[in-house]
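Content type mmCIF, C-alpha atoms, from the file protein12.cif:
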```cif
data_data
loop_
_atom_site.group_PDB
_atom_site.id
_atom_site.type_symbol
_atom_site.label_atom_id
_atom_site.label_comp_id
_atom_site.auth_asym_id
_atom_site.auth_seq_id
_atom_site.Cartn_x
_atom_site.Cartn_y
_atom_site.Cartn_z
ATOM 1 C CA MET A 75 20.249 -24.796 -11.248
ATOM 2 C CA SER A 76 18.243 -25.898 -14.294
ATOM 3 C CA ILE A 77 16.220 -23.455 -16.365
ATOM 4 C CA ASP A 78 12.872 -24.923 -15.291
ATOM 5 C CA VAL A 79 13.760 -24.661 -11.595
ATOM 6 C CA LEU A 80 14.932 -21.084 -12.167
ATOM 7 C CA ALA A 81 11.679 -20.151 -13.919
ATOM 8 C CA PHE A 82 9.463 -21.614 -11.201
ATOM 9 C CA SER A 83 11.628 -20.092 -8.481
ATOM 10 C CA LEU A 84 11.189 -16.662 -10.082
ATOM 11 C CA LEU A 85 7.423 -17.116 -10.284
ATOM 12 C CA ASN A 86 7.064 -18.473 -6.767
ATOM 13 C CA GLY A 87 9.462 -15.881 -5.346
ATOM 14 C CA THR A 88 7.453 -13.064 -6.907
ATOM 15 C CA LEU A 89 4.194 -14.570 -5.645
ATOM 16 C CA TYR A 90 5.493 -15.063 -2.103
ATOM 17 C CA GLY A 91 7.034 -11.605 -2.081
ATOM 18 C CA MET A 92 3.783 -9.963 -3.197
ATOM 19 C CA LEU A 93 1.852 -11.888 -0.566
ATOM 20 C CA LEU A 94 4.296 -10.688 2.084
ATOM 21 C CA PHE A 95 3.848 -7.145 0.808
ATOM 22 C CA LEU A 96 0.088 -7.451 1.119
ATOM 23 C CA LEU A 97 0.623 -8.140 4.818
ATOM 24 C CA ALA A 98 3.507 -5.731 5.372
ATOM 25 C CA SER A 99 1.686 -2.855 3.659
ATOM 26 C CA GLY A 100 -0.959 -2.758 6.372
ATOM 27 C CA LEU A 101 1.698 -2.895 9.082
ATOM 28 C CA THR A 102 3.613 -0.099 7.341
ATOM 29 C CA LEU A 103 0.502 2.078 7.083
ATOM 30 C CA ILE A 104 -0.201 1.643 10.792
ATOM 31 C CA PHE A 105 3.344 2.528 11.749
ATOM 32 C CA SER A 106 3.423 5.503 9.370
ATOM 33 C CA MET A 107 0.315 6.995 10.903
ATOM 34 C CA MET A 108 0.568 6.016 14.556
ATOM 35 C CA GLY A 109 4.142 4.941 15.234
ATOM 36 C CA VAL A 110 2.842 1.587 16.498
ATOM 37 C CA LEU A 111 4.574 -1.686 15.610
ATOM 38 C CA ASN A 112 1.475 -3.857 15.784
ATOM 39 C CA PHE A 113 2.468 -7.305 17.104
ATOM 40 C CA ALA A 114 -1.076 -8.543 16.450
ATOM 41 C CA HIS A 115 -0.935 -7.813 12.716
ATOM 42 C CA ALA A 116 -0.167 -11.418 11.740
ATOM 43 C CA SER A 117 -3.052 -12.495 13.985
ATOM 44 C CA PHE A 118 -5.418 -10.395 11.852
ATOM 45 C CA PHE A 119 -4.003 -12.276 8.850
ATOM 46 C CA MET A 120 -4.846 -15.575 10.558
ATOM 47 C CA LEU A 121 -8.303 -14.316 11.524
ATOM 48 C CA GLY A 122 -8.921 -13.336 7.904
ATOM 49 C CA ALA A 123 -7.983 -16.851 6.758
ATOM 50 C CA TYR A 124 -10.386 -18.458 9.239
ATOM 51 C CA LEU A 125 -13.250 -16.069 8.471
ATOM 52 C CA GLY A 126 -12.597 -16.543 4.751
ATOM 53 C CA PHE A 127 -12.839 -20.289 5.261
ATOM 54 C CA GLU A 128 -16.067 -19.905 7.249
ATOM 55 C CA PHE A 129 -17.749 -17.525 4.796
ATOM 56 C CA SER A 130 -16.667 -19.575 1.779
ATOM 57 C CA GLN A 131 -18.427 -22.652 3.208
ATOM 58 C CA GLY A 132 -21.841 -21.039 2.881
ATOM 59 C CA LEU A 133 -21.441 -18.091 0.496
ATOM 60 C CA GLY A 134 -18.540 -19.027 -1.753
ATOM 61 C CA PHE A 135 -14.977 -17.797 -2.033
ATOM 62 C CA PHE A 136 -15.537 -14.447 -3.756
ATOM 63 C CA PRO A 137 -18.110 -13.116 -1.253
ATOM 64 C CA ALA A 138 -15.700 -14.259 1.476
ATOM 65 C CA LEU A 139 -12.977 -12.232 -0.243
ATOM 66 C CA ILE A 140 -15.012 -9.111 0.578
ATOM 67 C CA LEU A 141 -16.770 -10.018 3.822
ATOM 68 C CA ALA A 142 -13.797 -11.405 5.768
ATOM 69 C CA PRO A 143 -11.536 -8.333 5.320
ATOM 70 C CA LEU A 144 -14.499 -6.077 6.075
ATOM 71 C CA CYS A 145 -15.207 -7.886 9.353
ATOM 72 C CA VAL A 146 -11.559 -7.913 10.403
ATOM 73 C CA GLY A 147 -11.237 -4.251 9.430
ATOM 74 C CA LEU A 148 -14.134 -3.393 11.731
ATOM 75 C CA ILE A 149 -12.521 -5.432 14.511
ATOM 76 C CA GLY A 150 -9.256 -3.587 13.935
ATOM 77 C CA ALA A 151 -11.018 -0.217 14.042
ATOM 78 C CA GLY A 152 -12.647 -1.238 17.334
ATOM 79 C CA VAL A 153 -9.263 -2.291 18.737
ATOM 80 C CA GLU A 154 -7.842 1.148 17.957
ATOM 81 C CA ARG A 155 -10.859 3.063 19.254
ATOM 82 C CA PHE A 156 -11.385 1.223 22.526
ATOM 83 C CA GLY A 157 -7.912 -0.209 23.156
ATOM 84 C CA LEU A 158 -4.905 1.487 21.589
ATOM 85 C CA ARG A 159 -6.337 4.981 21.974
ATOM 86 C CA ARG A 160 -6.635 4.460 25.727
ATOM 87 C CA VAL A 161 -3.214 2.821 26.001
ATOM 88 C CA HIS A 162 -1.535 5.555 23.935
ATOM 89 C CA ARG A 163 -1.004 7.793 26.966
ATOM 90 C CA PHE A 164 1.337 5.153 28.444
ATOM 91 C CA GLY A 165 3.729 5.473 25.496
ATOM 92 C CA HIS A 166 5.031 3.023 22.911
ATOM 93 C CA LEU A 167 5.875 0.359 25.468
ATOM 94 C CA GLY A 168 2.232 0.180 26.534
ATOM 95 C CA GLU A 169 1.124 -0.059 22.901
ATOM 96 C CA LEU A 170 3.579 -2.867 22.184
ATOM 97 C CA LEU A 171 2.491 -4.827 25.243
ATOM 98 C CA PHE A 172 -1.164 -4.286 24.343
ATOM 99 C CA THR A 173 -0.776 -5.618 20.782
ATOM 100 C CA PHE A 174 1.463 -8.446 22.032
ATOM 101 C CA GLY A 175 -1.269 -9.574 24.415
ATOM 102 C CA LEU A 176 -3.935 -9.089 21.749
ATOM 103 C CA ALA A 177 -2.099 -11.564 19.491
ATOM 104 C CA PHE A 178 -2.458 -14.274 22.157
ATOM 105 C CA VAL A 179 -6.127 -13.397 22.713
ATOM 106 C CA ILE A 180 -6.895 -13.788 18.999
ATOM 107 C CA GLU A 181 -4.987 -17.081 18.800
ATOM 108 C CA GLU A 182 -6.857 -18.503 21.803
ATOM 109 C CA ALA A 183 -10.197 -17.296 20.403
ATOM 110 C CA VAL A 184 -9.465 -19.021 17.081
ATOM 111 C CA GLN A 185 -8.628 -22.268 18.888
ATOM 112 C CA MET A 186 -11.817 -22.065 20.956
ATOM 113 C CA ILE A 187 -14.002 -21.586 17.879
ATOM 114 C CA TRP A 188 -12.294 -23.703 15.202
ATOM 115 C CA GLY A 189 -10.096 -26.008 17.264
ATOM 116 C CA ARG A 190 -6.400 -26.741 16.978
ATOM 117 C CA SER A 191 -6.554 -28.886 13.840
ATOM 118 C CA PRO A 192 -5.903 -27.406 10.368
ATOM 119 C CA GLN A 193 -8.982 -26.499 8.348
ATOM 120 C CA ALA A 194 -9.710 -27.930 4.902
ATOM 121 C CA TYR A 195 -9.754 -24.617 3.034
ATOM 122 C CA PRO A 196 -10.074 -25.615 -0.651
ATOM 123 C CA VAL A 197 -9.064 -23.657 -3.715
ATOM 124 C CA PRO A 198 -12.222 -22.174 -5.315
ATOM 125 C CA ALA A 199 -13.506 -24.279 -8.180
ATOM 126 C CA ALA A 200 -13.552 -21.288 -10.565
ATOM 127 C CA LEU A 201 -9.770 -20.935 -10.188
ATOM 128 C CA ASP A 202 -8.829 -24.589 -9.796
ATOM 129 C CA PHE A 203 -7.193 -25.165 -13.177
ATOM 130 C CA THR A 204 -3.816 -24.838 -14.863
ATOM 131 C CA ALA A 205 -3.174 -21.336 -16.211
ATOM 132 C CA PHE A 206 -0.160 -22.254 -18.369
ATOM 133 C CA GLU A 207 2.679 -24.724 -18.626
ATOM 134 C CA ILE A 208 6.421 -24.169 -18.332
ATOM 135 C CA PHE A 209 8.763 -26.980 -19.366
ATOM 136 C CA GLY A 210 5.862 -29.417 -19.187
ATOM 137 C CA THR A 211 4.788 -28.401 -15.678
ATOM 138 C CA GLY A 212 1.509 -26.588 -15.089
ATOM 139 C CA TYR A 213 1.194 -23.405 -13.029
ATOM 140 C CA PRO A 214 -2.056 -23.065 -11.034
ATOM 141 C CA ALA A 215 -4.437 -20.262 -11.950
ATOM 142 C CA PHE A 216 -5.140 -19.542 -8.288
ATOM 143 C CA ARG A 217 -1.506 -18.550 -7.756
ATOM 144 C CA LEU A 218 -1.785 -16.068 -10.611
ATOM 145 C CA PHE A 219 -4.958 -14.737 -8.989
ATOM 146 C CA MET A 220 -3.041 -14.207 -5.732
ATOM 147 C CA LEU A 221 -0.332 -12.357 -7.633
ATOM 148 C CA ALA A 222 -2.868 -10.168 -9.444
ATOM 149 C CA VAL A 223 -4.680 -9.234 -6.218
ATOM 150 C CA SER A 224 -1.407 -8.332 -4.481
ATOM 151 C CA ALA A 225 -0.236 -6.238 -7.428
ATOM 152 C CA ALA A 226 -3.604 -4.449 -7.586
ATOM 153 C CA ILE A 227 -3.403 -3.628 -3.863
ATOM 154 C CA PHE A 228 0.094 -2.159 -4.312
ATOM 155 C CA ALA A 229 -1.022 -0.001 -7.249
ATOM 156 C CA GLY A 230 -4.193 1.079 -5.429
ATOM 157 C CA LEU A 231 -2.341 2.056 -2.253
ATOM 158 C CA ALA A 232 0.277 4.000 -4.204
ATOM 159 C CA LEU A 233 -2.423 5.936 -6.070
ATOM 160 C CA LEU A 234 -4.500 6.489 -2.930
ATOM 161 C CA LEU A 235 -1.639 7.857 -0.851
ATOM 162 C CA ASN A 236 0.023 9.960 -3.555
ATOM 163 C CA ARG A 237 -2.752 11.060 -5.916
ATOM 164 C CA THR A 238 -5.911 11.603 -3.857
ATOM 165 C CA ARG A 239 -7.172 14.042 -1.233
ATOM 166 C CA VAL A 240 -7.615 11.162 1.209
ATOM 167 C CA GLY A 241 -3.957 10.241 0.838
ATOM 168 C CA LEU A 242 -2.962 13.873 1.363
ATOM 169 C CA ILE A 243 -4.910 14.007 4.638
ATOM 170 C CA VAL A 244 -3.431 10.688 5.771
ATOM 171 C CA ARG A 245 0.141 11.801 5.052
ATOM 172 C CA ALA A 246 -0.407 15.215 6.598
ATOM 173 C CA SER A 247 -1.838 13.638 9.743
ATOM 174 C CA LEU A 248 1.480 11.843 10.174
ATOM 175 C CA THR A 249 3.653 14.954 10.322
ATOM 176 C CA HIS A 250 1.246 17.756 11.283
ATOM 177 C CA PRO A 251 -1.732 16.301 13.196
ATOM 178 C CA GLU A 252 -2.488 19.585 15.002
ATOM 179 C CA MET A 253 -2.672 21.529 11.741
ATOM 180 C CA VAL A 254 -4.862 18.867 10.107
ATOM 181 C CA SER A 255 -7.175 19.011 13.123
ATOM 182 C CA MET A 256 -7.367 22.828 12.892
ATOM 183 C CA LEU A 257 -8.418 22.485 9.249
ATOM 184 C CA GLY A 258 -11.516 20.597 10.399
ATOM 185 C CA HIS A 259 -10.451 16.980 9.923
ATOM 186 C CA ASN A 260 -11.068 14.408 12.631
ATOM 187 C CA VAL A 261 -7.536 13.101 13.204
ATOM 188 C CA PRO A 262 -8.562 10.351 15.687
ATOM 189 C CA LEU A 263 -11.060 9.107 13.086
ATOM 190 C CA VAL A 264 -8.274 9.067 10.503
ATOM 191 C CA PHE A 265 -6.104 7.024 12.856
ATOM 192 C CA MET A 266 -8.930 4.570 13.509
ATOM 193 C CA SER A 267 -9.636 4.235 9.784
ATOM 194 C CA VAL A 268 -5.976 3.585 8.969
ATOM 195 C CA PHE A 269 -5.692 0.922 11.668
ATOM 196 C CA GLY A 270 -8.883 -0.715 10.392
ATOM 197 C CA ALA A 271 -7.662 -0.550 6.778
ATOM 198 C CA GLY A 272 -4.318 -2.070 7.738
ATOM 199 C CA SER A 273 -6.081 -4.902 9.569
ATOM 200 C CA ALA A 274 -8.346 -5.466 6.550
ATOM 201 C CA LEU A 275 -5.317 -5.727 4.246
ATOM 202 C CA ALA A 276 -3.843 -8.389 6.518
ATOM 203 C CA ALA A 277 -7.170 -10.254 6.472
ATOM 204 C CA LEU A 278 -7.316 -10.042 2.676
ATOM 205 C CA GLY A 279 -3.919 -11.720 2.568
ATOM 206 C CA GLY A 280 -5.279 -14.432 4.850
ATOM 207 C CA VAL A 281 -8.304 -15.079 2.624
ATOM 208 C CA ILE A 282 -6.268 -15.544 -0.555
ATOM 209 C CA ALA A 283 -3.395 -17.395 1.156
ATOM 210 C CA GLY A 284 -5.593 -19.726 3.209
ATOM 211 C CA PRO A 285 -6.124 -22.298 0.424
ATOM 212 C CA ILE A 286 -2.367 -22.413 -0.304
ATOM 213 C CA LEU A 287 -0.898 -22.137 3.168
ATOM 214 C CA VAL A 288 -2.155 -24.376 5.954
ATOM 215 C CA THR A 289 -5.003 -22.606 7.776
ATOM 216 C CA GLN A 290 -4.142 -23.365 11.387
ATOM 217 C CA PRO A 291 -3.665 -21.469 14.670
ATOM 218 C CA SER A 292 0.122 -21.390 14.299
ATOM 219 C CA MET A 293 0.084 -19.605 10.931
ATOM 220 C CA ALA A 294 0.346 -16.182 12.598
ATOM 221 C CA ALA A 295 3.450 -17.187 14.539
ATOM 222 C CA GLY A 296 5.022 -18.461 11.323
ATOM 223 C CA LEU A 297 4.602 -15.211 9.364
ATOM 224 C CA GLY A 298 4.743 -12.596 12.112
ATOM 225 C CA PRO A 299 8.555 -12.424 12.506
ATOM 226 C CA ILE A 300 9.053 -12.215 8.729
ATOM 227 C CA LEU A 301 6.744 -9.181 8.555
ATOM 228 C CA PHE A 302 8.909 -7.286 11.020
ATOM 229 C CA VAL A 303 11.992 -8.217 9.000
ATOM 230 C CA ILE A 304 10.339 -6.696 5.934
ATOM 231 C CA VAL A 305 9.231 -3.519 7.723
ATOM 232 C CA VAL A 306 12.702 -2.926 9.202
ATOM 233 C CA VAL A 307 14.635 -3.807 6.034
ATOM 234 C CA GLY A 308 12.315 -1.743 3.840
ATOM 235 C CA GLY A 309 12.354 1.203 6.223
ATOM 236 C CA LEU A 310 9.883 2.025 8.968
ATOM 237 C CA GLY A 311 6.953 3.849 7.417
ATOM 238 C CA SER A 312 7.996 3.409 3.760
ATOM 239 C CA LEU A 313 5.491 1.692 1.482
ATOM 240 C CA GLY A 314 7.965 1.506 -1.406
ATOM 241 C CA GLY A 315 10.626 0.120 0.904
ATOM 242 C CA ALA A 316 8.218 -2.531 2.181
ATOM 243 C CA PHE A 317 7.475 -3.516 -1.433
ATOM 244 C CA ALA A 318 11.181 -3.887 -2.275
ATOM 245 C CA ALA A 319 11.962 -5.752 0.961
ATOM 246 C CA SER A 320 9.016 -8.119 0.421
ATOM 247 C CA LEU A 321 10.323 -9.133 -2.985
ATOM 248 C CA ILE A 322 13.878 -9.494 -1.647
ATOM 249 C CA VAL A 323 12.749 -11.770 1.191
ATOM 250 C CA GLY A 324 10.439 -13.685 -1.153
ATOM 251 C CA PHE A 325 13.272 -14.394 -3.591
ATOM 252 C CA ILE A 326 15.735 -15.247 -0.808
ATOM 253 C CA GLN A 327 13.466 -17.838 0.766
ATOM 254 C CA THR A 328 12.306 -19.303 -2.555
ATOM 255 C CA PHE A 329 15.740 -19.620 -4.131
ATOM 256 C CA ALA A 330 17.280 -20.878 -0.883
ATOM 257 C CA VAL A 331 14.906 -23.844 -0.962
ATOM 258 C CA ALA A 332 15.738 -24.553 -4.604
ATOM 259 C CA ILE A 333 19.523 -24.336 -4.215
ATOM 260 C CA ASP A 334 21.050 -27.625 -3.104
ATOM 261 C CA PHE A 335 24.593 -26.303 -2.623
ATOM 262 C CA SER A 336 26.859 -26.713 0.392
ATOM 263 C CA VAL A 337 30.286 -25.683 1.623
ATOM 264 C CA ALA A 338 31.559 -29.093 0.521
ATOM 265 C CA ASP A 339 30.302 -28.419 -3.021
ATOM 266 C CA ALA A 340 32.041 -25.033 -3.059
ATOM 267 C CA PHE A 341 35.375 -26.557 -2.034
ATOM 268 C CA GLY A 342 34.754 -29.445 -4.395
ATOM 269 C CA LEU A 343 34.925 -27.002 -7.298
ATOM 270 C CA ILE A 344 38.565 -26.352 -6.422
ATOM 271 C CA GLY A 345 39.397 -29.995 -5.853
ATOM 272 C CA VAL A 346 38.968 -30.258 -2.062
ATOM 273 C CA THR A 347 36.685 -33.230 -1.434
ATOM 274 C CA ALA A 348 37.064 -33.618 2.333
ATOM 275 C CA PRO A 349 37.310 -31.172 5.238
ATOM 276 C CA PRO A 350 40.863 -30.501 6.433
ATOM 277 C CA ALA A 351 41.798 -32.529 9.498
ATOM 278 C CA ALA A 352 42.754 -29.322 11.328
ATOM 279 C CA LEU A 353 39.150 -28.146 11.380
ATOM 280 C CA GLY A 354 37.199 -28.624 14.582
ATOM 281 C CA ALA A 355 34.256 -30.996 14.919
ATOM 282 C CA LEU A 356 31.741 -28.157 14.610
ATOM 283 C CA LEU A 357 33.280 -26.842 11.404
ATOM 284 C CA ARG A 358 33.325 -30.336 9.948
ATOM 285 C CA ASP A 359 29.569 -30.533 10.622
ATOM 286 C CA VAL A 360 29.085 -27.238 8.813
ATOM 287 C CA TRP A 361 30.967 -28.706 5.846
ATOM 288 C CA ASN A 362 27.853 -30.468 4.505
ATOM 289 C CA VAL A 363 25.226 -27.886 5.440
ATOM 290 C CA SER A 364 23.358 -26.772 2.290
ATOM 291 C CA VAL A 365 21.873 -23.402 1.392
ATOM 292 C CA SER A 366 18.360 -24.874 1.657
ATOM 293 C CA GLN A 367 19.016 -25.784 5.302
ATOM 294 C CA VAL A 368 20.071 -22.270 6.296
ATOM 295 C CA GLY A 369 17.467 -20.591 4.055
ATOM 296 C CA PRO A 370 15.013 -19.734 6.890
ATOM 297 C CA VAL A 371 17.807 -17.930 8.777
ATOM 298 C CA ILE A 372 18.969 -15.720 5.894
ATOM 299 C CA PRO A 373 16.228 -13.027 6.242
ATOM 300 C CA TYR A 374 17.104 -12.589 9.913
ATOM 301 C CA LEU A 375 20.788 -12.252 9.058
ATOM 302 C CA LEU A 376 19.735 -9.584 6.578
ATOM 303 C CA LEU A 377 17.794 -7.867 9.368
ATOM 304 C CA VAL A 378 20.836 -7.837 11.653
ATOM 305 C CA ALA A 379 23.076 -6.497 8.882
ATOM 306 C CA MET A 380 20.548 -3.777 8.043
ATOM 307 C CA LEU A 381 20.309 -2.654 11.667
ATOM 308 C CA ILE A 382 24.116 -2.463 11.875
ATOM 309 C CA PHE A 383 24.897 -0.708 8.600
ATOM 310 C CA ARG A 384 21.674 1.139 7.662
ATOM 311 C CA PRO A 385 19.225 1.379 10.590
ATOM 312 C CA MET A 386 16.727 3.481 8.613
ATOM 313 C CA GLY A 387 16.251 0.648 6.089
ATOM 314 C CA LEU A 388 16.215 0.822 2.310
ATOM 315 C CA ALA A 389 13.852 3.781 2.031
ATOM 316 C CA GLY A 390 12.782 4.701 5.543
ATOM 317 C CA LYS A 391 13.115 8.042 7.290
ATOM 318 C CA ARG A 392 13.049 6.649 10.853
ATOM 319 C CA ALA A 393 15.768 4.666 12.539
#
```
Could I get this file's structure written as structure tokens?
Amino acid sequence: MSIDVLAFSLLNGTLYGMLLFLLASGLTLIFSMMGVLNFAHASFFMLGAYLGFEFSQGLGFFPALILAPLCVGLIGAGVERFGLRRVHRFGHLGELLFTFGLAFVIEEAVQMIWGRSPQAYPVPAALDFTAFEIFGTGYPAFRLFMLAVSAAIFAGLALLLNRTRVGLIVRASLTHPEMVSMLGHNVPLVFMSVFGAGSALAALGGVIAGPILVTQPSMAAGLGPILFVIVVVGGLGSLGGAFAASLIVGFIQTFAVAIDFSVADAFGLIGVTAPPAALGALLRDVWNVSVSQVGPVIPYLLLVAMLIFRPMGLAGKRA
């Protein structure tokens, strides 16, 4: 791998990892507080991208950056108040089925309003320039903006949860909800606020990723499984674990695309240029499969290995 490819892979891997964290952080917060693996979380990301596109058409990108997450956060709070709270008495299976169905409802609603075709969500003019050049190739300023927003969200969440009274109440509500309620705090309101905040974080990721990723109804299905990989690998309920897992997955998928190396190349280094005749037909087909071709599967292999050898994840306390 050349130095220029390595440099851009590091930049893009960090950017993709931070974007994944922006989405996984909201999912982690919701699970930490409520024990709910929200299958509709990626749908809130998609809804944020579409609302960001809609608001940016009339008001501009930066007002959309505030309004779209706020709207989705209110929708998320309403989902918790009038949906999940009622389903909670049926246990975790009822909650999972509820959020699973909600994901399809949101996808169908998006298709009814905006159609099935991708939307032309442009990069804002204020950030549509080259920030710097590496080895003669420019790096877009908007990508640096995405990285800065994601890093600011991580720092803000860490400070909020560990250094403020609000964070203390949120963390105490996780382990001792009865005691927090006896101290005069409205625990159901805390739960609703956390679910709304998690949904807003997903929507914020959609607004900033919409101009880079294709804003289309299938974007939730494309990112949803990866989010659950991150949450499980990082550790259920661990914000720091989600941050580490997001970067790991981001680097894996970015470098896998950049590495054009196969089994044949590996054996070629030791002088074997053709598959042994004793190998079966299937193994001979595998001979020329490159890392870039199996790249999308690697995070899921990591998930399986984590569940086998360390079910609690990198930093989680729940298995």
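Atom pair atom CA of A:Tyr195 / atom CA of A:Ala294: separated by 16.3 Å.
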Exercise for the section: Can you turn the PyMOL selection byres ((chain A and resi 102) around 8) into a concrete residue list for this file, as an MDAnalysis selection string? Expected result: chainID A and resid 98:101 103:106 305 310:313 316
Practice task
Within 9 Å of A:Phe136, counting all atoms listed in the file, which residues show up once you throw out same-chain ones fewer than 5 positions away? Write them as an MDAnalysis selection string, please.
Solution key: chainID A and resid 130 141 198
Within 7 Å of stretch 148-166 of chain A, which residues of stretch 254-311 of chain A come that close, and what is the closest atom pair and distance in Å for each? Count all atoms listed in the file and give it as a tab-separated table.
```
residue	atom	partner	partner_atom	distance
A:Met266	CA	A:Ala151	CA	5.2
A:Ser267	CA	A:Ala151	CA	6.3
A:Phe269	CA	A:Ala151	CA	5.9
A:Gly270	CA	A:Ala151	CA	4.3
A:Ser273	CA	A:Gly150	CA	5.6
```
Practice task
I would like the residues chosen by the PyMOL selection byres ((chain A and resi 89) around 8) on the shown file; could you give them as a PyMOL selection string?
Solution key: chain A and resi 85-88+90-93+217-218+220-221+324
Exercise for the section: State, in Å with one decimal place, the distance from atom CA of A:Ala123 to atom CA of A:Ala283. Expected result: 7.3 Å
Exercise for the section: Have a look at A:Ile300, A:Leu167, A:Val323, A:Ala332 and name the one nearest to A:His115; count all atoms listed in the file. Expected result: A:Ile300
Handout entry: Interatomic distance (Å, one decimal) between atom CA of A:Glu207 and atom CA of A:Ile286
Key = 19.1 Å
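Here the PyMOL selection byres ((chain A and resi 299) around 12) matches the residues Leu94, Leu97, Ala98, Leu111, Asn112, Phe113, Ala114, His115, Ala116, Ser117, Met293, Ala294, Ala295, Gly296, Leu297, Gly298, Ile300, Leu301, Phe302, Val303, Ile304, Val305, Val306, Pro370, Val371, Pro373, Tyr374 and Leu377 of chain A.
Counting all atoms listed in the file, the residue from A:Gly308, A:Pro214, A:Gly369, A:Pro251 that sits nearest to A:Ser320 is A:Gly308.
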Fill in the blank from the handout: Using all atoms listed in the file, the residue out of A:Ala330, A:His250, A:Gln131, A:Pro285 with shortest distance to A:Asp202 is A:Pro285
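Of the residues under consideration (A:Val244, A:Leu275, A:Ala379, A:Ala232), A:Ala379 shows the shortest atom-to-atom contact distance to A:Val307 when counting only C-alpha atoms.
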Kindly compute an axis-aligned box around the listed atoms of stretch 246-260 of chain A, allowing 5 Å on each side, and express its centre and edge lengths in Å to one decimal as JSON.
```
{"center_x": -3.9, "center_y": 17.3, "center_z": 10.8, "size_x": 25.2, "size_y": 21.0, "size_z": 18.4}
```
Completion step: stretch 159-176 of chain A with N, CA and C atoms as a PDB file, keeping the file's coordinate frame:
```
ATOM      1  N   ARG A 159      -6.177   3.556  21.678  1.00  0.00           N
ATOM      2  CA  ARG A 159      -6.337   4.981  21.974  1.00  0.00           C
ATOM      3  C   ARG A 159      -6.239   5.243  23.474  1.00  0.00           C
ATOM      4  N   ARG A 160      -6.708   4.303  24.271  1.00  0.00           N
ATOM      5  CA  ARG A 160      -6.635   4.460  25.727  1.00  0.00           C
ATOM      6  C   ARG A 160      -5.223   4.146  26.245  1.00  0.00           C
ATOM      7  N   VAL A 161      -4.556   3.217  25.573  1.00  0.00           N
ATOM      8  CA  VAL A 161      -3.214   2.821  26.001  1.00  0.00           C
ATOM      9  C   VAL A 161      -2.159   3.831  25.548  1.00  0.00           C
ATOM     10  N   HIS A 162      -2.499   4.640  24.551  1.00  0.00           N
ATOM     11  CA  HIS A 162      -1.535   5.555  23.935  1.00  0.00           C
ATOM     12  C   HIS A 162      -0.860   6.460  24.958  1.00  0.00           C
ATOM     13  N   ARG A 163      -1.579   6.863  25.992  1.00  0.00           N
ATOM     14  CA  ARG A 163      -1.004   7.793  26.966  1.00  0.00           C
ATOM     15  C   ARG A 163       0.122   7.153  27.784  1.00  0.00           C
ATOM     16  N   PHE A 164       0.262   5.831  27.728  1.00  0.00           N
ATOM     17  CA  PHE A 164       1.337   5.153  28.444  1.00  0.00           C
ATOM     18  C   PHE A 164       2.589   4.994  27.584  1.00  0.00           C
ATOM     19  N   GLY A 165       2.549   5.511  26.361  1.00  0.00           N
ATOM     20  CA  GLY A 165       3.729   5.473  25.496  1.00  0.00           C
ATOM     21  C   GLY A 165       3.791   4.219  24.629  1.00  0.00           C
ATOM     22  N   HIS A 166       4.889   4.122  23.869  1.00  0.00           N
ATOM     23  CA  HIS A 166       5.031   3.023  22.911  1.00  0.00           C
ATOM     24  C   HIS A 166       5.154   1.667  23.595  1.00  0.00           C
ATOM     25  N   LEU A 167       5.755   1.635  24.773  1.00  0.00           N
ATOM     26  CA  LEU A 167       5.875   0.359  25.468  1.00  0.00           C
ATOM     27  C   LEU A 167       4.500  -0.210  25.798  1.00  0.00           C
ATOM     28  N   GLY A 168       3.591   0.632  26.253  1.00  0.00           N
ATOM     29  CA  GLY A 168       2.232   0.180  26.534  1.00  0.00           C
ATOM     30  C   GLY A 168       1.530  -0.319  25.284  1.00  0.00           C
ATOM     31  N   GLU A 169       1.742   0.367  24.155  1.00  0.00           N
ATOM     32  CA  GLU A 169       1.124  -0.059  22.901  1.00  0.00           C
ATOM     33  C   GLU A 169       1.668  -1.409  22.446  1.00  0.00           C
ATOM     34  N   LEU A 170       2.980  -1.593  22.578  1.00  0.00           N
ATOM     35  CA  LEU A 170       3.579  -2.867  22.184  1.00  0.00           C
ATOM     36  C   LEU A 170       3.057  -4.016  23.048  1.00  0.00           C
ATOM     37  N   LEU A 171       2.988  -3.782  24.346  1.00  0.00           N
ATOM     38  CA  LEU A 171       2.491  -4.827  25.243  1.00  0.00           C
ATOM     39  C   LEU A 171       1.022  -5.130  24.968  1.00  0.00           C
ATOM     40  N   PHE A 172       0.259  -4.091  24.646  1.00  0.00           N
ATOM     41  CA  PHE A 172      -1.164  -4.286  24.343  1.00  0.00           C
ATOM     42  C   PHE A 172      -1.340  -5.161  23.102  1.00  0.00           C
ATOM     43  N   THR A 173      -0.634  -4.832  22.019  1.00  0.00           N
ATOM     44  CA  THR A 173      -0.776  -5.618  20.782  1.00  0.00           C
ATOM     45  C   THR A 173      -0.178  -7.009  20.940  1.00  0.00           C
ATOM     46  N   PHE A 174       0.874  -7.129  21.761  1.00  0.00           N
ATOM     47  CA  PHE A 174       1.463  -8.446  22.032  1.00  0.00           C
ATOM     48  C   PHE A 174       0.447  -9.348  22.734  1.00  0.00           C
ATOM     49  N   GLY A 175      -0.234  -8.801  23.733  1.00  0.00           N
ATOM     50  CA  GLY A 175      -1.269  -9.574  24.415  1.00  0.00           C
ATOM     51  C   GLY A 175      -2.459  -9.860  23.521  1.00  0.00           C
ATOM     52  N   LEU A 176      -2.814  -8.898  22.661  1.00  0.00           N
ATOM     53  CA  LEU A 176      -3.935  -9.089  21.749  1.00  0.00           C
ATOM     54  C   LEU A 176      -3.686 -10.263  20.802  1.00  0.00           C
TER      55      LEU A 176
END
```
